[in-house]
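Next comes data_34.cif, with mmCIF, C-alpha atoms and all ligand atoms.
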data_query
#
loop_
_atom_site.group_PDB
_atom_site.id
_atom_site.type_symbol
_atom_site.label_atom_id
_atom_site.label_comp_id
_atom_site.auth_asym_id
_atom_site.auth_seq_id
_atom_site.Cartn_x
_atom_site.Cartn_y
_atom_site.Cartn_z
ATOM 1 C CA MET Q 1 249.301 81.360 83.633
ATOM 2 C CA THR Q 2 253.016 80.834 83.968
ATOM 3 C CA GLY Q 3 255.135 82.215 86.763
ATOM 4 C CA HIS Q 4 257.132 84.008 84.101
ATOM 5 C CA ARG Q 5 254.157 85.994 82.882
ATOM 6 C CA THR Q 6 252.815 86.586 86.357
ATOM 7 C CA ARG Q 7 256.062 88.215 87.433
ATOM 8 C CA ARG Q 8 255.707 90.801 84.725
ATOM 9 C CA VAL Q 9 252.166 91.884 85.491
ATOM 10 C CA CYS Q 10 251.971 91.501 89.239
ATOM 11 C CA GLU Q 11 254.289 93.039 91.808
ATOM 12 C CA PHE Q 12 253.316 90.538 94.468
ATOM 13 C CA CYS Q 13 254.135 87.541 92.329
ATOM 14 C CA ARG Q 14 257.658 88.744 91.571
ATOM 15 C CA ASP Q 15 258.743 86.537 94.439
ATOM 16 C CA SER Q 16 258.738 83.375 92.356
ATOM 17 C CA SER Q 17 260.083 81.201 95.174
ATOM 18 C CA ARG Q 18 256.905 81.973 97.115
ATOM 19 C CA SER Q 19 254.466 81.679 94.240
ATOM 20 C CA ASP Q 20 256.037 78.447 93.041
ATOM 21 C CA ARG Q 21 255.106 76.783 96.321
ATOM 22 C CA VAL Q 22 251.370 77.278 95.855
ATOM 23 C CA PRO Q 23 249.133 75.405 93.397
ATOM 24 C CA ALA Q 24 247.953 77.099 90.196
ATOM 25 C CA LEU Q 25 244.561 78.114 91.595
ATOM 26 C CA GLY Q 26 246.249 79.568 94.672
ATOM 27 C CA LYS Q 27 248.569 81.593 92.459
ATOM 28 C CA TRP Q 28 245.576 83.075 90.644
ATOM 29 C CA ILE Q 29 243.862 84.021 93.876
ATOM 30 C CA LEU Q 30 247.043 85.511 95.323
ATOM 31 C CA ALA Q 31 247.713 87.377 92.112
ATOM 32 C CA VAL Q 32 244.221 88.910 92.130
ATOM 33 C CA ALA Q 33 244.608 89.727 95.843
ATOM 34 C CA GLY Q 34 247.913 91.413 95.065
ATOM 35 C CA VAL Q 35 246.395 93.566 92.347
ATOM 36 C CA LEU Q 36 243.322 94.481 94.375
ATOM 37 C CA GLY Q 37 245.504 95.200 97.397
ATOM 38 C CA SER Q 38 247.714 97.496 95.356
ATOM 39 C CA LEU Q 39 244.640 99.272 94.000
ATOM 40 C CA THR Q 40 243.305 99.729 97.525
ATOM 41 C CA LEU Q 41 246.609 101.117 98.722
ATOM 42 C CA CYS Q 42 246.733 103.499 95.817
ATOM 43 C CA ILE Q 43 243.166 104.741 95.985
ATOM 44 C CA GLY Q 44 242.469 104.852 99.677
ATOM 45 C CA GLY Q 45 245.871 104.722 101.313
ATOM 46 C CA ILE Q 46 244.517 101.990 103.630
ATOM 47 C CA ALA Q 47 245.662 98.384 103.426
ATOM 48 C CA THR Q 48 242.667 96.109 103.874
ATOM 49 C CA ALA Q 49 244.352 92.914 102.671
ATOM 50 C CA ASP Q 50 246.900 90.900 104.658
ATOM 51 C CA PRO Q 51 250.064 93.022 104.506
ATOM 52 C CA ALA Q 52 252.137 89.848 104.348
ATOM 53 C CA LEU Q 53 250.469 88.954 101.041
ATOM 54 C CA VAL Q 54 250.335 92.358 99.372
ATOM 55 C CA ALA Q 55 253.329 94.232 98.086
ATOM 56 C CA ALA Q 56 253.016 97.922 98.953
ATOM 57 C CA PRO Q 57 255.664 99.674 96.891
ATOM 58 C CA ARG Q 58 254.653 103.144 98.065
ATOM 59 C CA ALA Q 59 254.745 102.180 101.725
ATOM 60 C CA GLU Q 60 258.456 101.435 101.361
ATOM 61 C CA ARG Q 61 259.169 105.066 100.543
ATOM 62 C CA ALA Q 62 259.549 107.545 103.327
ATOM 63 C CA GLY Q 63 257.426 110.695 103.281
ATOM 64 C CA PRO Q 64 254.551 111.692 101.058
ATOM 65 C CA ASP Q 65 254.001 110.190 97.621
ATOM 66 C CA ARG Q 66 255.415 113.126 95.748
ATOM 67 C CA PHE Q 67 256.514 113.124 92.126
ATOM 68 C CA ASP Q 68 260.263 112.585 92.188
ATOM 69 C CA VAL Q 69 261.337 109.634 90.014
ATOM 70 C CA VAL Q 70 261.068 109.230 86.246
ATOM 71 C CA VAL Q 71 262.136 106.204 84.222
ATOM 72 C CA LEU Q 72 263.273 107.008 80.690
ATOM 73 C CA ASP Q 73 263.312 104.110 78.254
ATOM 74 C CA ALA Q 74 265.364 104.678 75.115
ATOM 75 C CA GLY Q 75 263.946 102.210 72.607
ATOM 76 C CA HIS Q 76 265.983 99.420 70.985
ATOM 77 C CA GLY Q 77 269.808 99.198 71.305
ATOM 78 C CA GLY Q 78 272.624 96.799 70.438
ATOM 79 C CA HIS Q 79 271.639 94.373 67.666
ATOM 80 C CA ASP Q 80 268.168 95.955 67.561
ATOM 81 C CA GLU Q 81 268.647 99.136 65.549
ATOM 82 C CA GLY Q 82 264.964 100.027 65.346
ATOM 83 C CA ALA Q 83 264.002 102.152 62.341
ATOM 84 C CA THR Q 84 266.657 103.438 59.942
ATOM 85 C CA GLY Q 85 266.373 106.619 57.876
ATOM 86 C CA PRO Q 86 267.234 106.942 54.172
ATOM 87 C CA SER Q 87 270.603 108.513 55.046
ATOM 88 C CA GLY Q 88 271.366 105.832 57.642
ATOM 89 C CA LEU Q 89 270.354 107.383 60.990
ATOM 90 C CA HIS Q 90 269.419 104.562 63.368
ATOM 91 C CA GLU Q 91 266.516 104.959 65.762
ATOM 92 C CA LYS Q 92 268.525 103.338 68.601
ATOM 93 C CA ASP Q 93 271.192 106.080 68.416
ATOM 94 C CA LEU Q 94 268.730 108.948 67.972
ATOM 95 C CA VAL Q 95 266.487 107.996 70.891
ATOM 96 C CA LEU Q 96 269.414 107.347 73.257
ATOM 97 C CA ASP Q 97 270.767 110.823 72.540
ATOM 98 C CA VAL Q 98 267.350 112.465 73.050
ATOM 99 C CA THR Q 99 266.930 110.446 76.255
ATOM 100 C CA HIS Q 100 270.269 111.751 77.582
ATOM 101 C CA ARG Q 101 269.293 115.336 76.723
ATOM 102 C CA LEU Q 102 265.978 114.926 78.534
ATOM 103 C CA ALA Q 103 267.595 113.219 81.534
ATOM 104 C CA GLU Q 104 270.035 116.104 81.913
ATOM 105 C CA ARG Q 105 267.157 118.626 81.952
ATOM 106 C CA LEU Q 106 265.158 116.647 84.499
ATOM 107 C CA ARG Q 107 268.143 116.159 86.797
ATOM 108 C CA ARG Q 108 268.793 119.900 86.726
ATOM 109 C CA ARG Q 109 265.230 120.307 88.023
ATOM 110 C CA GLY Q 110 265.837 117.912 90.913
ATOM 111 C CA VAL Q 111 264.111 114.814 89.499
ATOM 112 C CA ARG Q 112 265.755 111.415 89.973
ATOM 113 C CA VAL Q 113 266.080 109.853 86.552
ATOM 114 C CA VAL Q 114 266.488 106.128 85.977
ATOM 115 C CA LEU Q 115 267.450 104.902 82.500
ATOM 116 C CA THR Q 116 266.528 101.457 81.215
ATOM 117 C CA ARG Q 117 269.638 101.664 79.053
ATOM 118 C CA ASN Q 118 272.549 104.070 79.130
ATOM 119 C CA ALA Q 119 274.567 102.759 76.192
ATOM 120 C CA ASP Q 120 274.218 100.956 72.860
ATOM 121 C CA ARG Q 121 273.025 97.714 74.413
ATOM 122 C CA PHE Q 122 269.887 95.669 73.950
ATOM 123 C CA HIS Q 123 267.764 95.058 77.023
ATOM 124 C CA SER Q 124 264.914 92.576 77.086
ATOM 125 C CA LEU Q 125 261.313 93.467 77.828
ATOM 126 C CA GLU Q 126 261.645 91.912 81.268
ATOM 127 C CA GLU Q 127 264.792 93.880 82.067
ATOM 128 C CA ARG Q 128 263.168 97.159 81.051
ATOM 129 C CA THR Q 129 259.971 96.624 83.017
ATOM 130 C CA ALA Q 130 261.938 95.340 86.040
ATOM 131 C CA VAL Q 131 264.102 98.483 86.059
ATOM 132 C CA ALA Q 132 260.975 100.640 85.971
ATOM 133 C CA ASN Q 133 259.028 98.718 88.610
ATOM 134 C CA ASP Q 134 262.016 98.391 90.949
ATOM 135 C CA ALA Q 135 262.555 102.163 90.752
ATOM 136 C CA ARG Q 136 258.976 102.732 92.038
ATOM 137 C CA ALA Q 137 258.875 105.557 89.532
ATOM 138 C CA ASP Q 138 256.085 108.088 89.157
ATOM 139 C CA LEU Q 139 256.252 108.105 85.372
ATOM 140 C CA PHE Q 140 257.616 105.810 82.656
ATOM 141 C CA LEU Q 141 258.421 107.380 79.302
ATOM 142 C CA SER Q 142 259.559 105.288 76.354
ATOM 143 C CA ILE Q 143 261.180 107.211 73.497
ATOM 144 C CA HIS Q 144 261.039 105.969 69.914
ATOM 145 C CA ALA Q 145 261.057 107.153 66.302
ATOM 146 C CA ASN Q 146 258.534 106.018 63.746
ATOM 147 C CA ALA Q 147 258.869 104.240 60.414
ATOM 148 C CA SER Q 148 256.695 103.548 57.405
ATOM 149 C CA PRO Q 149 257.073 101.591 54.144
ATOM 150 C CA SER Q 150 256.364 104.926 52.413
ATOM 151 C CA ARG Q 151 258.636 107.978 52.743
ATOM 152 C CA ARG Q 152 255.666 110.337 53.000
ATOM 153 C CA PRO Q 153 254.274 109.907 56.532
ATOM 154 C CA ARG Q 154 255.638 112.429 59.019
ATOM 155 C CA GLY Q 155 254.810 113.841 62.420
ATOM 156 C CA ILE Q 156 254.853 113.184 66.125
ATOM 157 C CA GLU Q 157 252.495 110.948 68.067
ATOM 158 C CA THR Q 158 252.196 110.012 71.738
ATOM 159 C CA TYR Q 159 250.751 106.761 73.013
ATOM 160 C CA PHE Q 160 249.406 105.289 76.181
ATOM 161 C CA ALA Q 161 248.583 101.638 76.684
ATOM 162 C CA ALA Q 162 245.423 99.846 75.600
ATOM 163 C CA LEU Q 163 244.676 96.299 74.576
ATOM 164 C CA ASP Q 164 242.914 97.586 71.450
ATOM 165 C CA ALA Q 165 244.655 100.024 69.133
ATOM 166 C CA THR Q 166 243.085 103.372 68.206
ATOM 167 C CA ASP Q 167 243.417 102.610 64.487
ATOM 168 C CA ASP Q 168 245.256 100.460 61.985
ATOM 169 C CA ASP Q 169 248.360 102.671 61.920
ATOM 170 C CA ALA Q 170 248.587 102.591 65.723
ATOM 171 C CA ARG Q 171 248.267 98.792 65.724
ATOM 172 C CA LYS Q 172 251.057 98.463 63.126
ATOM 173 C CA THR Q 173 253.291 100.830 65.102
ATOM 174 C CA ALA Q 174 252.837 98.762 68.266
ATOM 175 C CA GLU Q 175 253.462 95.532 66.328
ATOM 176 C CA ARG Q 176 256.690 96.941 64.912
ATOM 177 C CA GLU Q 177 257.923 98.201 68.282
ATOM 178 C CA ASN Q 178 256.891 94.973 70.053
ATOM 179 C CA MET Q 179 258.727 92.854 67.473
ATOM 180 C CA ALA Q 180 262.087 93.771 69.033
ATOM 181 C CA PHE Q 181 261.121 91.874 72.177
ATOM 182 C CA GLY Q 182 260.538 88.658 70.239
ATOM 183 C CA ALA Q 183 259.130 85.741 72.193
ATOM 184 C CA ALA Q 184 258.422 87.814 75.326
ATOM 185 C CA ALA Q 185 256.090 90.100 73.374
ATOM 186 C CA ALA Q 186 254.507 87.202 71.506
ATOM 187 C CA SER Q 187 253.757 85.388 74.762
ATOM 188 C CA PHE Q 188 252.227 88.580 76.154
ATOM 189 C CA GLU Q 189 249.983 88.884 73.127
ATOM 190 C CA ARG Q 190 248.885 85.249 73.524
ATOM 191 C CA ALA Q 191 248.235 85.776 77.224
ATOM 192 C CA ASP Q 192 245.504 83.731 78.846
ATOM 193 C CA PRO Q 193 242.343 85.624 79.833
ATOM 194 C CA LEU Q 194 243.289 86.067 83.486
ATOM 195 C CA ALA Q 195 246.674 87.534 82.610
ATOM 196 C CA VAL Q 196 244.903 89.928 80.270
ATOM 197 C CA ILE Q 197 242.447 90.907 83.017
ATOM 198 C CA LEU Q 198 245.306 91.443 85.499
ATOM 199 C CA GLY Q 199 247.261 93.480 82.994
ATOM 200 C CA ASP Q 200 244.150 95.472 82.235
ATOM 201 C CA LEU Q 201 243.429 96.119 85.912
ATOM 202 C CA ILE Q 202 246.919 97.445 86.444
ATOM 203 C CA ALA Q 203 246.715 99.540 83.301
ATOM 204 C CA THR Q 204 243.348 100.897 84.416
ATOM 205 C CA GLN Q 205 244.832 101.979 87.728
ATOM 206 C CA HIS Q 206 247.106 104.384 85.933
ATOM 207 C CA LEU Q 207 245.113 104.884 82.763
ATOM 208 C CA GLN Q 208 243.832 108.336 83.577
ATOM 209 C CA GLU Q 209 247.253 109.698 84.470
ATOM 210 C CA SER Q 210 248.880 108.019 81.461
ATOM 211 C CA SER Q 211 246.280 109.643 79.239
ATOM 212 C CA GLU Q 212 246.835 113.002 80.914
ATOM 213 C CA PHE Q 213 250.595 112.838 80.452
ATOM 214 C CA ALA Q 214 250.256 111.728 76.804
ATOM 215 C CA LYS Q 215 248.073 114.772 76.076
ATOM 216 C CA LEU Q 216 250.551 117.107 77.800
ATOM 217 C CA ALA Q 217 253.505 115.611 75.931
ATOM 218 C CA GLN Q 218 251.758 115.718 72.567
ATOM 219 C CA HIS Q 219 250.670 119.311 73.173
ATOM 220 C CA GLU Q 220 254.213 120.446 74.010
ATOM 221 C CA LEU Q 221 255.790 118.487 71.147
ATOM 222 C CA SER Q 222 253.352 119.941 68.612
ATOM 223 C CA GLU Q 223 254.561 123.441 69.542
ATOM 224 C CA ILE Q 224 258.006 122.667 68.072
ATOM 225 C CA GLY Q 225 258.606 124.476 64.779
ATOM 226 C CA ARG Q 226 257.577 122.518 61.677
ATOM 227 C CA ALA Q 227 256.239 119.692 63.828
ATOM 228 C CA ARG Q 228 253.136 117.918 62.631
ATOM 229 C CA SER Q 229 250.930 116.496 65.357
ATOM 230 C CA ARG Q 230 249.434 113.100 64.628
ATOM 231 C CA GLY Q 231 247.660 113.146 67.982
ATOM 232 C CA VAL Q 232 247.420 111.021 71.094
ATOM 233 C CA LYS Q 233 246.726 107.353 70.405
ATOM 234 C CA GLN Q 234 246.421 104.052 72.208
ATOM 235 C CA ALA Q 235 247.911 100.683 71.282
ATOM 236 C CA PRO Q 236 249.125 97.492 73.007
ATOM 237 C CA PHE Q 237 252.798 98.336 73.447
ATOM 238 C CA VAL Q 238 254.070 95.524 75.662
ATOM 239 C CA VAL Q 239 256.622 97.763 77.376
ATOM 240 C CA LEU Q 240 253.773 100.022 78.586
ATOM 241 C CA LEU Q 241 251.537 97.130 79.634
ATOM 242 C CA GLY Q 242 254.230 95.697 81.908
ATOM 243 C CA VAL Q 243 254.966 98.726 84.081
ATOM 244 C CA GLN Q 244 253.080 99.649 87.238
ATOM 245 C CA MET Q 245 252.993 103.435 86.947
ATOM 246 C CA PRO Q 246 251.638 106.067 84.577
ATOM 247 C CA ALA Q 247 253.313 105.263 81.277
ATOM 248 C CA SER Q 248 253.591 106.748 77.833
ATOM 249 C CA LEU Q 249 255.485 106.133 74.599
ATOM 250 C CA VAL Q 250 256.403 108.941 72.247
ATOM 251 C CA GLU Q 251 257.253 108.594 68.559
ATOM 252 C CA ILE Q 252 259.338 111.724 67.964
ATOM 253 C CA GLY Q 253 259.070 111.692 64.161
ATOM 254 C CA PHE Q 254 259.301 109.449 61.108
ATOM 255 C CA LEU Q 255 262.879 108.436 60.394
ATOM 256 C CA THR Q 256 261.712 107.126 57.028
ATOM 257 C CA ASN Q 257 260.702 110.657 55.960
ATOM 258 C CA PRO Q 258 263.890 112.255 54.524
ATOM 259 C CA GLU Q 259 262.996 115.756 55.742
ATOM 260 C CA GLU Q 260 262.206 114.581 59.258
ATOM 261 C CA GLU Q 261 265.338 112.454 59.360
ATOM 262 C CA ARG Q 262 267.366 115.540 58.429
ATOM 263 C CA GLY Q 263 265.719 117.497 61.252
ATOM 264 C CA LEU Q 264 266.248 114.692 63.753
ATOM 265 C CA ARG Q 265 269.973 114.681 62.968
ATOM 266 C CA SER Q 266 270.270 118.226 64.310
ATOM 267 C CA ALA Q 267 271.129 119.048 67.926
ATOM 268 C CA SER Q 268 268.614 121.913 67.898
ATOM 269 C CA ARG Q 269 265.728 119.597 67.037
ATOM 270 C CA ARG Q 270 266.777 117.073 69.672
ATOM 271 C CA ASP Q 271 267.075 119.872 72.253
ATOM 272 C CA ALA Q 272 263.615 121.150 71.312
ATOM 273 C CA ILE Q 273 262.154 117.666 71.820
ATOM 274 C CA ALA Q 274 263.917 117.308 75.184
ATOM 275 C CA ASP Q 275 262.721 120.788 76.255
ATOM 276 C CA SER Q 276 259.126 119.945 75.303
ATOM 277 C CA LEU Q 277 259.133 116.626 77.144
ATOM 278 C CA ALA Q 278 260.762 118.198 80.229
ATOM 279 C CA LYS Q 279 258.036 120.851 80.252
ATOM 280 C CA ALA Q 280 255.281 118.247 79.923
ATOM 281 C CA ILE Q 281 256.801 116.246 82.791
ATOM 282 C CA SER Q 282 257.009 119.373 84.922
ATOM 283 C CA VAL Q 283 253.327 120.229 84.409
ATOM 284 C CA PHE Q 284 252.362 116.593 85.000
ATOM 285 C CA ALA Q 285 254.453 116.557 88.221
ATOM 286 C CA ASP Q 286 252.650 119.630 89.549
ATOM 287 C CA ARG Q 287 249.226 118.090 88.956
ATOM 288 C CA TYR Q 288 250.385 114.731 90.328
ATOM 289 C CA ASP Q 289 251.476 116.358 93.598
ATOM 290 C CA VAL Q 290 248.312 118.441 93.916
ATOM 291 C CA ARG Q 291 246.192 115.287 93.563
ATOM 292 C CA ARG Q 292 248.191 113.608 96.329
ATOM 293 C CA GLY Q 293 248.080 116.618 98.631
ATOM 294 C CA VAL Q 294 251.837 117.221 98.447
ATOM 295 C CA ARG Q 295 251.279 120.723 97.105
ATOM 296 C CA GLU Q 296 248.322 123.043 96.984
ATOM 297 C CA LEU Q 297 246.809 125.170 94.272
ATOM 298 C CA GLY Q 298 247.786 128.821 94.768
ATOM 299 C CA ALA Q 299 245.421 131.774 94.542
ATOM 300 C CA ALA Q 300 245.963 131.997 90.777
ATOM 301 C CA GLY Q 301 245.274 128.293 90.333
ATOM 302 C CA SER Q 302 248.918 127.378 89.860
ATOM 303 C CA PRO Q 303 250.461 124.846 92.216
ATOM 304 C CA THR Q 304 252.411 126.193 95.181
ATOM 305 C CA ARG Q 305 254.915 124.063 96.993
ATOM 306 C CA ARG Q 306 254.308 123.027 100.562
ATOM 307 C CA ALA Q 307 257.351 123.684 102.709
ATOM 308 C CA GLY Q 308 259.858 120.950 103.336
ATOM 309 C CA HIS Q 309 259.374 118.665 100.354
ATOM 310 C CA GLY Q 310 262.646 119.344 98.625
ATOM 311 C CA PRO Q 311 263.442 120.048 94.983
ATOM 312 C CA HIS Q 312 260.965 119.721 92.206
ATOM 313 C CA PRO Q 313 260.943 120.038 88.433
HETATM 314 ZN ZN ZN A 401 261.093 102.050 68.200
#
Hey, can you dump this file as structure tokens for me?
Ligand SMILES: [Zn+2]
Amino acid sequence: MTGHRTRRVCEFCRDSSRSDRVPALGKWILAVAGVLGSLTLCIGGIATADPALVAAPRAERAGPDRFDVVVLDAGHGGHDEGATGPSGLHEKDLVLDVTHRLAERLRRRGVRVVLTRNADRFHSLEERTAVANDARADLFLSIHANASPSRRPRGIETYFAALDATDDDARKTAERENMAFGAAAASFERADPLAVILGDLIATQHLQESSEFAKLAQHELSEIGRARSRGVKQAPFVVLLGVQMPASLVEIGFLTNPEEERGLRSASRRDAIADSLAKAISVFADRYDVRRGVRELGAAGSPTRRAGHGPHP
């Protein structure tokens, strides 16, 4: 395992100056301790490992672990245009605009929104995952548009991370999206077994919530007029495997389908997508807070806010 790869999968090992001083075996042990310590902190709220060795991102935040920060990741950017539609609409421009529309809605609801990119610039895999992990966010959402060699495929699909893809189409989609990250993605895919196990442990920690959010998002998106739902899927998107929080990637339509490209050019369609995702995030936030005891279920089964915890989506 290289220090480079370790930094991406393990919060503890992000301090390379410290990990570089210990031999390889020590690094492995410390990395595993870091992951297990983080899991313990998350599940039980009690640190059983040496606090000097275990990063405790949540402990650095004041107050209860309430849902209040979302990282939005507009795919591609700069030299990486992503997919391009028959009339020339670039995925990088479409997804940045949808991301801004969604960010505006979330901010109006009191959520802190962090963007991995705010302009037409390319950011590496490491930069994107570092932005997300440094923000200690409660949800990471990557926004993309799909492409196919044929003009026929259409529809919306939502992903959460897995090492094995749901099906052949899902695997190809992840390969295409990962390609933009070049060598970083390739090295992730060739990861040694321990790195894979570490990545898998971290993914497992948030797997249930990632799956829950993906279902909510796909449900809301399929309610949009003329939308075709292609379902919730799993695939090894490297950008999802590198973040330490519930994470999902949405493909908001096929740019290579002329009819969908036409729709995706319109402000009304982009607003509808942003509305749907904002609603899914809001429902997810309510459930997230109930699970962590920040809010309680009301008499009718809907979450009610406990006093004194500030704004909420
Ligand atoms: Zn993409």
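This file, filtered with the PyMOL selection byres (((chain Q and resi 122-134) around 6) and not hetatm), gives the residues Q:Val71, Q:Gly77, Q:Gly78, Q:Thr116, Q:Arg121, Q:Ala135, Q:Arg136, Q:Phe181, Q:Gly242, Q:Val243.
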Could you give me the residues within 9 Å of ligand ZN 401 (chain A), counting only C-alpha atoms and all ligand atoms, as a compact mmCIF listing (two decimals) with C-alpha atoms, keeping the file's coordinate frame?
# COMPACT_ATOMS: atom_id res chain seq x y z
CA ALA Q 74 265.36 104.68 75.11
CA GLY Q 75 263.95 102.21 72.61
CA HIS Q 76 265.98 99.42 70.98
CA GLU Q 81 268.65 99.14 65.55
CA GLY Q 82 264.96 100.03 65.35
CA ALA Q 83 264.00 102.15 62.34
CA GLU Q 91 266.52 104.96 65.76
CA LYS Q 92 268.52 103.34 68.60
CA VAL Q 95 266.49 108.00 70.89
CA SER Q 142 259.56 105.29 76.35
CA ILE Q 143 261.18 107.21 73.50
CA HIS Q 144 261.04 105.97 69.91
CA ALA Q 145 261.06 107.15 66.30
CA ASN Q 146 258.53 106.02 63.75
CA ALA Q 147 258.87 104.24 60.41
CA THR Q 173 253.29 100.83 65.10
CA ALA Q 174 252.84 98.76 68.27
CA ARG Q 176 256.69 96.94 64.91
CA GLU Q 177 257.92 98.20 68.28
CA ASN Q 178 256.89 94.97 70.05
CA ALA Q 180 262.09 93.77 69.03
CA GLU Q 251 257.25 108.59 68.56
Checklist line | Using only C-alpha atoms: which of Q:Thr166, Q:Gln218, Q:Thr256, Q:Ser282 has the shortest distance to Arg151 in chain Q | finding: Q:Thr256
Item checked: Best match for closeness to Ser276 in chain Q among Q:Ala227, Q:Leu255, Q:Met245, Q:Leu96, counting only C-alpha atoms -> Q:Ala227
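Checking Q:Asp97, Q:Glu157, Q:Glu175, Q:Asp65 one by one against Ile252 in chain Q, counting all atoms listed in the file, you find the shortest gap at Q:Glu157.
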Next item on the list: Give the answer as one residue: which of Q:Ala161, Q:Val114, Q:Leu106, Q:Val70 has the shortest atom-to-atom distance to Val238 in chain Q, using all atoms listed in the file?
Entry: Q:Ala161
Next item on the list: Can you work out the spacing between CA of Leu94 in chain Q and CA of Leu264 in chain Q in Å, to one decimal?
Entry: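 Rounded to one decimal, the two atoms are 7.5 Å apart.
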Notebook entry, point to check: What is the CA of Gly263 in chain Q-CA of Arg112 in chain Q distance in Å, reported with one decimal?
Noted result: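 That distance, rounded to one decimal, is 29.4 Å.
The two atoms in question, CA of Pro258 in chain Q and CA of Thr158 in chain Q, are spaced 20.9 Å apart.
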